[in-house]
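Input: a single structure, listed below in structure tokens.
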Protein chains: 2
Amino acid sequence: MTSSHISTGKPDAAGLPSGAPGLAEIEAAAARLAGHAFLTPLLESAALNERIGGRVLIKAETLQRTGSFKFRGAFNKISQIPEAARGGGVIAYSSGNHAQGVAAAARLLGIAATIVMPADAPVIKIENTKALGAEVIFYDRHREAREEVAERLRAERKATLVRPYDDPDIIAGQGTCGLEIARQAEAAGAHLDAALVCCGGGGLISGTATALSSLSPGIAVYAVEPEGFDDTARSLAAGQRVTNDPAARSFCDALLAPTPGELTFSINRRLLAGGLGVGDQDVARAMNFAFRALKLVAEPGGAVALAALLAGKFDARDKTVAITLSGGNVDPATFARAIALPGAA
Amino acid sequence: MTSSHISTGKPDAAGLPSGAPGLAEIEAAAARLAGHAFLTPLLESAALNERIGGRVLIKAETLQRTGSFKFRGAFNKISQIPEAARGGGVIAYSSGNHAQGVAAAARLLGIAATIVMPADAPVIKIENTKALGAEVIFYDRHREAREEVAERLRAERKATLVRPYDDPDIIAGQGTCGLEIARQAEAAGAHLDAALVCCGGGGLISGTATALSSLSPGIAVYAVEPEGFDDTARSLAAGQRVTNDPAARSFCDALLAPTPGELTFSINRRLLAGGLGVGDQDVARAMNFAFRALKLVAEPGGAVALAALLAGKFDARDKTVAITLSGGNVDPATFARAIALPGAA
């Protein structure tokens, strides 16, 4: 595989794509986040280990500030905006978790935030974003390009755009999740064979894979995506970025990016072992299992890695595997439907 | 206050009631539990801190093996049964969480377990207990005394009875929860002003208060109970054990003990600052808040301490307070009703 399809250019001396953050940038992000983000636990469940026949370590980013990992990247990015540029505020487009992360980080830093959200985003995400003091502007997911709506507002307001994933500071921030996984696994006496990471645009997994590749040598990192939105898996197989069918639908609202990020994919194609796809039914069963056996609230997009494990998409027998439970912002009605499934645990 | 009402006798040299475990027994229990129980996280939530106006540290025993703290005491007790007595198995009576704790500990130790459970226990607790390999025998909560049913079976089978709370080994095991709270709070740079602990028969709070009194001097520990089952609060006020009205009802199925334990109360009357009562509606709102803001699944009885805080029964403004979220074994239908409450977060 060559890097000829990657517009971000050739690898630098350390083997990283041009513009990609390395372990040093992730450690710098961790220092910025200290005292603001929570060190979320790496949990273990006897019931899950027995069911899988291996050792599973669950990175519970559901317990992160704003209920998902997104606060990490947002705070790392926004805290580096120069004083002179802060008056214009920040702007972001997001289906909801990045929205909350940006809103919370901006509020902590005393900066105004405007968020462009799809009109059909989960109510809990819209309400939480507003409760965090952000201005919310809606768009129609199927008729408008959110990037264009955000760009128009950015220019009008002289604001700083906070991209959801294709930005080295965002990637470095999300990578602190991988840094913690590596250190917490070591403290638990675990040698990680693999990591299954929820994947939308690829920010969490590219940063996490960067940290884990350095700190857990030999680990195999897999992207887990909803069926129909498995653009990263197919792009990895094709050796170049491909897009999803615009007609595809999934209830994993957090993972509906149309194509991998340019920078994230340039990292992921070097570091990932492959991609796994899960169906909505697999995901609902995983949410049900998380409720019954783990006592954790996971949103659809946050449960895909657990779903891949439970549905047998990855054979973890006799292996030690870390998974991300990346978000827990789910409406009560959606959650109630998932936990009502019979015999799903 | 004298000890004249307490049948367990006068305090020993260390100021503990006769027969009560001290810090040394709790540390010995922690050593037995190492590698079997999980070190559950002491979590913090920005949303909860803001709502309360103080710093709240949440001991998430919902994430313990079997979904509640009960495994701690059960394993500490059962692991000390002499080899010669193990053939008769163990027997316990329980509304469900002690049942699962005993079943899981007995299975790990290769000992048969028989559990006497009320016929109206939550289905999830009955199913989980059976899934852990225990034999379940039902009784009618309103017509039979579970102690008598268990005693008859114990004599027939030459089994060892594992009491739910009134046993020094059970209390020492549950006390490891307090040991962890003290150490984790210290690691988080927190000086604890108070702890609110869920209370049924008093095993968790008597052990936890013993550990916290030693390791967090000056802390005020409060028992939190359902209204109508506030026997510990009223007993503390009366200076002797009183019983609940048999006609009382609450959906906090884990906390329906009729009166404080003899040994647990002899400890609690010395160590507790008082008791707080919460109504079913307070508890349902706390479950809702735990779902929306904390992303944690709490059962009714496990949510009473959080409920006391949210309902303003304890003023935590500008204080640092630890609370136990003691269990998460709740049927989907009950949980769905709690999270459907409007505007509860």
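Within each chain, counting starts at residue 1; across the structure tokens, chains are named A, B, ... in the order shown, with ligands numbered 1 upward in that order.
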Please tabulate, as a Markdown table, the residues of chain A that come within 9 Å of chain B, each with its closest pair of atoms and the distance in Å to one decimal, counting only C-alpha atoms and ordering rows by chain, then residue number upward.
```
| residue | atom | partner | partner_atom | distance |
| --- | --- | --- | --- | --- |
| A:Phe38 | CA | B:Glu44 | CA | 7.7 |
| A:Thr40 | CA | B:Leu43 | CA | 8.2 |
| A:Pro41 | CA | B:Pro41 | CA | 6.5 |
| A:Leu43 | CA | B:Leu63 | CA | 8.1 |
| A:Glu44 | CA | B:Phe38 | CA | 7.7 |
| A:Ser45 | CA | B:Arg65 | CA | 6.8 |
| A:Ala46 | CA | B:Arg65 | CA | 6.4 |
| A:Ala47 | CA | B:Arg65 | CA | 8.0 |
| A:Thr62 | CA | B:Lys295 | CA | 6.3 |
| A:Leu63 | CA | B:Lys295 | CA | 6.5 |
| A:Gln64 | CA | B:Ser45 | CA | 8.1 |
| A:Arg65 | CA | B:Ala46 | CA | 6.5 |
| A:Thr66 | CA | B:Ala293 | CA | 8.0 |
| A:Gly67 | CA | B:Lys295 | CA | 7.1 |
| A:Ile124 | CA | B:Arg292 | CA | 8.2 |
| A:Phe291 | CA | B:Val297 | CA | 6.7 |
| A:Arg292 | CA | B:Asn329 | CA | 7.4 |
| A:Ala293 | CA | B:Gly67 | CA | 7.4 |
| A:Leu294 | CA | B:Leu63 | CA | 6.5 |
| A:Lys295 | CA | B:Val297 | CA | 4.8 |
| A:Leu296 | CA | B:Leu296 | CA | 5.0 |
| A:Val297 | CA | B:Lys295 | CA | 4.8 |
| A:Ala298 | CA | B:Lys295 | CA | 7.4 |
| A:Gly327 | CA | B:Lys295 | CA | 8.9 |
| A:Gly328 | CA | B:Lys295 | CA | 5.9 |
| A:Asn329 | CA | B:Arg292 | CA | 7.4 |
| A:Val330 | CA | B:Arg292 | CA | 8.1 |
| A:Asp331 | CA | B:Arg292 | CA | 8.4 |
| A:Pro332 | CA | B:Ile339 | CA | 5.9 |
| A:Ala333 | CA | B:Ala340 | CA | 7.3 |
| A:Phe335 | CA | B:Ala336 | CA | 8.0 |
| A:Ala336 | CA | B:Ala336 | CA | 5.3 |
| A:Arg337 | CA | B:Ala336 | CA | 8.7 |
| A:Ile339 | CA | B:Pro332 | CA | 5.9 |
| A:Ala340 | CA | B:Pro332 | CA | 6.1 |
```
Can you write just those residues out, C-alpha atoms, as a short mmCIF file (atom, residue, chain, number, x, y, z; two decimals), in the first residue's frame?
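Written out: result-v7.cif:
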```
data_model
loop_
_atom_site.label_atom_id
_atom_site.label_comp_id
_atom_site.auth_asym_id
_atom_site.auth_seq_id
_atom_site.Cartn_x
_atom_site.Cartn_y
_atom_site.Cartn_z
CA PHE A 38 -12.42 12.94 33.83
CA THR A 40 -12.90 7.49 32.93
CA PRO A 41 -12.64 3.95 34.32
CA LEU A 43 -14.14 -1.52 33.59
CA GLU A 44 -14.29 -5.27 33.64
CA SER A 45 -17.37 -7.49 33.92
CA ALA A 46 -17.32 -11.10 35.04
CA ALA A 47 -20.52 -11.71 33.08
CA THR A 62 -20.14 7.32 28.62
CA LEU A 63 -18.95 8.58 32.02
CA GLN A 64 -16.90 11.41 30.48
CA ARG A 65 -18.03 15.00 30.87
CA THR A 66 -21.03 15.54 28.51
CA GLY A 67 -21.55 11.77 28.21
CA ILE A 124 -31.49 14.75 24.66
CA PHE A 291 -28.18 -2.28 30.74
CA ARG A 292 -28.70 -5.78 32.18
CA ALA A 293 -25.17 -6.98 32.79
CA LEU A 294 -22.95 -3.89 32.89
CA LYS A 295 -25.44 -1.38 34.39
CA LEU A 296 -24.21 1.20 31.90
CA VAL A 297 -26.25 3.45 29.62
CA ALA A 298 -24.91 3.33 26.06
CA GLY A 327 -21.20 7.68 24.34
CA GLY A 328 -24.39 7.45 26.39
CA ASN A 329 -26.60 10.27 25.11
CA VAL A 330 -29.76 8.42 24.17
CA ASP A 331 -33.41 9.44 24.38
CA PRO A 332 -35.47 7.54 26.99
CA ALA A 333 -37.88 6.12 24.39
CA PHE A 335 -33.41 3.24 25.33
CA ALA A 336 -36.67 1.76 26.61
CA ARG A 337 -37.19 -0.04 23.27
CA ILE A 339 -33.96 -2.80 26.96
CA ALA A 340 -37.40 -4.28 26.33
#
```
Quick check for you: according to DSSP on this backbone, which residues of range 246-321 of chain B are classed as alpha helix (DSSP H)? Reply as a count of residues only. 27
Selection near His191 in chain A, 8 Å with only C-alpha atoms, sequence-local residues under 3 positions removed, as a list in words: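 Surrounding residues, per the criterion: Ala185, Glu186, Ser216 and Thr320 of chain A.
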Backbone-only DSSP, strand (DSSP E or B) members of range 154-255 of chain B, as a list in words: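 Everything in range 154-255 of chain B that counts as strand (DSSP E or B) is Thr160, Leu161, Ala194, Ala195, Leu196, Val197, Cys198, Ala220, Val221, Tyr222, Ala223, Val224, Glu225 and Pro226 of chain B.
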Output of the above residues as a compact mmCIF listing (two decimals), in the first residue's frame, restricted to N, CA and C atoms:
```
# COMPACT_ATOMS: atom_id res chain seq x y z
N THR B 160 -24.50 -24.07 55.70
CA THR B 160 -24.08 -22.87 56.45
C THR B 160 -24.97 -21.70 56.05
N LEU B 161 -25.58 -21.07 57.04
CA LEU B 161 -26.43 -19.91 56.74
C LEU B 161 -25.56 -18.67 56.52
N ALA B 194 -18.94 14.45 54.32
CA ALA B 194 -20.06 13.58 54.67
C ALA B 194 -20.14 12.41 53.68
N ALA B 195 -20.84 11.38 54.10
CA ALA B 195 -21.16 10.26 53.21
C ALA B 195 -22.63 9.91 53.41
N LEU B 196 -23.34 9.71 52.30
CA LEU B 196 -24.74 9.26 52.34
C LEU B 196 -24.76 7.84 51.82
N VAL B 197 -25.22 6.91 52.63
CA VAL B 197 -25.13 5.50 52.30
C VAL B 197 -26.51 4.85 52.33
N CYS B 198 -26.83 4.10 51.29
CA CYS B 198 -28.08 3.37 51.20
C CYS B 198 -28.15 2.37 52.36
N ALA B 220 -19.20 12.91 58.53
CA ALA B 220 -20.55 12.64 59.03
C ALA B 220 -21.21 11.64 58.10
N VAL B 221 -21.56 10.47 58.61
CA VAL B 221 -22.16 9.42 57.78
C VAL B 221 -23.66 9.31 58.07
N TYR B 222 -24.46 9.40 57.01
CA TYR B 222 -25.92 9.34 57.14
C TYR B 222 -26.49 8.10 56.45
N ALA B 223 -27.42 7.45 57.11
CA ALA B 223 -28.18 6.35 56.50
C ALA B 223 -29.30 6.94 55.67
N VAL B 224 -29.49 6.44 54.45
CA VAL B 224 -30.63 6.88 53.64
C VAL B 224 -31.54 5.68 53.42
N GLU B 225 -32.81 5.87 53.72
CA GLU B 225 -33.80 4.79 53.65
C GLU B 225 -35.06 5.26 52.93
N PRO B 226 -35.87 4.31 52.45
CA PRO B 226 -37.16 4.69 51.87
C PRO B 226 -38.12 5.12 52.99
```
Residues within 10 Å of Gly178 in chain B, please, as a list in words. Count only C-alpha atoms; anything in the same chain fewer than 6 positions from it doesn't count. Ile26, Lys59, Ala172, Gln184, Ala195, Val197, Leu204, Ile205, Ser206, Gly207, Thr208, Ala209, Thr210, Ala211, Leu212, Ser213, Leu215, Ser216, Ala322 and Thr324 of chain B
Selected residues written out, N, CA and C atoms, as a compact mmCIF listing (two decimals), in the first residue's frame:
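Wrote it out as again.txt, contents follow:
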```txt
# COMPACT_ATOMS: atom_id res chain seq x y z
N ILE B 26 -11.64 -5.35 58.24
CA ILE B 26 -12.04 -4.86 56.91
C ILE B 26 -10.84 -4.97 55.95
N LYS B 59 -19.75 6.40 44.56
CA LYS B 59 -19.18 5.06 44.60
C LYS B 59 -20.13 4.14 43.83
N ALA B 172 -17.72 -6.77 57.61
CA ALA B 172 -16.34 -6.47 57.22
C ALA B 172 -16.20 -6.46 55.70
N GLN B 184 -9.85 6.26 47.55
CA GLN B 184 -10.08 6.90 46.25
C GLN B 184 -10.33 8.40 46.40
N ALA B 195 -20.84 11.38 54.10
CA ALA B 195 -21.16 10.26 53.21
C ALA B 195 -22.63 9.91 53.41
N VAL B 197 -25.22 6.91 52.63
CA VAL B 197 -25.13 5.50 52.30
C VAL B 197 -26.51 4.85 52.33
N LEU B 204 -24.07 -2.61 54.79
CA LEU B 204 -23.18 -1.75 54.00
C LEU B 204 -22.76 -0.53 54.82
N ILE B 205 -23.74 0.10 55.48
CA ILE B 205 -23.40 1.36 56.17
C ILE B 205 -22.60 1.11 57.44
N SER B 206 -22.84 0.02 58.15
CA SER B 206 -22.05 -0.20 59.38
C SER B 206 -20.60 -0.49 59.03
N GLY B 207 -20.37 -1.28 57.98
CA GLY B 207 -18.99 -1.56 57.57
C GLY B 207 -18.32 -0.33 56.98
N THR B 208 -19.08 0.39 56.16
CA THR B 208 -18.54 1.58 55.51
C THR B 208 -18.24 2.67 56.54
N ALA B 209 -19.12 2.84 57.51
CA ALA B 209 -18.90 3.86 58.55
C ALA B 209 -17.69 3.48 59.40
N THR B 210 -17.48 2.20 59.64
CA THR B 210 -16.32 1.76 60.41
C THR B 210 -15.03 2.17 59.70
N ALA B 211 -14.98 1.89 58.39
CA ALA B 211 -13.78 2.24 57.62
C ALA B 211 -13.61 3.75 57.53
N LEU B 212 -14.69 4.46 57.22
CA LEU B 212 -14.58 5.92 57.03
C LEU B 212 -14.26 6.63 58.34
N SER B 213 -14.78 6.15 59.45
CA SER B 213 -14.50 6.79 60.74
C SER B 213 -13.02 6.72 61.06
N LEU B 215 -10.52 6.26 58.63
CA LEU B 215 -9.67 6.81 57.58
C LEU B 215 -10.02 8.23 57.17
N SER B 216 -11.23 8.67 57.45
CA SER B 216 -11.66 10.04 57.13
C SER B 216 -12.21 10.68 58.40
N ALA B 322 -19.51 11.94 49.66
CA ALA B 322 -19.53 10.66 48.94
C ALA B 322 -20.92 10.05 49.06
N THR B 324 -23.22 6.38 47.96
CA THR B 324 -23.18 5.05 47.36
C THR B 324 -24.31 4.93 46.34
```
May I have a table of the residues of range 126-163 of chain B lying at most 9 Å from range 69-91 of chain B, giving each one's closest pair of atoms and their distance in Å to one decimal, counting only C-alpha atoms, ordered by chain and ascending residue number, as a Markdown table?
```
| residue | atom | partner | partner_atom | distance |
| --- | --- | --- | --- | --- |
| B:Ala150 | CA | B:Ile91 | CA | 6.9 |
| B:Glu151 | CA | B:Ile91 | CA | 8.8 |
| B:Leu153 | CA | B:Ile91 | CA | 7.8 |
| B:Arg154 | CA | B:Ile91 | CA | 6.5 |
| B:Arg157 | CA | B:Gly88 | CA | 6.0 |
| B:Lys158 | CA | B:Gly88 | CA | 5.2 |
| B:Ala159 | CA | B:Gly88 | CA | 4.3 |
| B:Thr160 | CA | B:Val90 | CA | 4.7 |
| B:Leu161 | CA | B:Ile91 | CA | 4.9 |
| B:Val162 | CA | B:Ile91 | CA | 6.0 |
| B:Arg163 | CA | B:Ile91 | CA | 8.6 |
```
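Going from CA of Thr259 in chain A over to CA of Glu144 in chain A, you cover 16.2 Å.
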So which one's closest to Arg146 in chain A, A:Gly302, A:Pro118, A:Pro17, A:Gly202? Using only C-alpha atoms, please. A:Pro118
Atomic separation - CA of Phe265 in chain A relative to CA of Asp245 in chain A, Å: 18.5 Å
Would you give me, as CSV, each residue of range 242-284 of chain A having an atom within 12 Å of an atom of range 308-311 of chain A, along with its shortest atom pair and that distance in Å to one decimal, using only C-alpha atoms and sorting by chain and residue number?
```
residue,atom,partner,partner_atom,distance
A:Gly275,CA,A:Ala308,CA,10.4
A:Leu276,CA,A:Ala308,CA,7.1
A:Gly277,CA,A:Ala308,CA,7.3
A:Val278,CA,A:Ala308,CA,6.1
A:Gly279,CA,A:Ala308,CA,9.2
A:Asp280,CA,A:Ala308,CA,11.2
A:Gln281,CA,A:Ala311,CA,9.8
A:Asp282,CA,A:Ala311,CA,6.3
A:Val283,CA,A:Ala308,CA,8.2
A:Ala284,CA,A:Ala311,CA,11.1
```
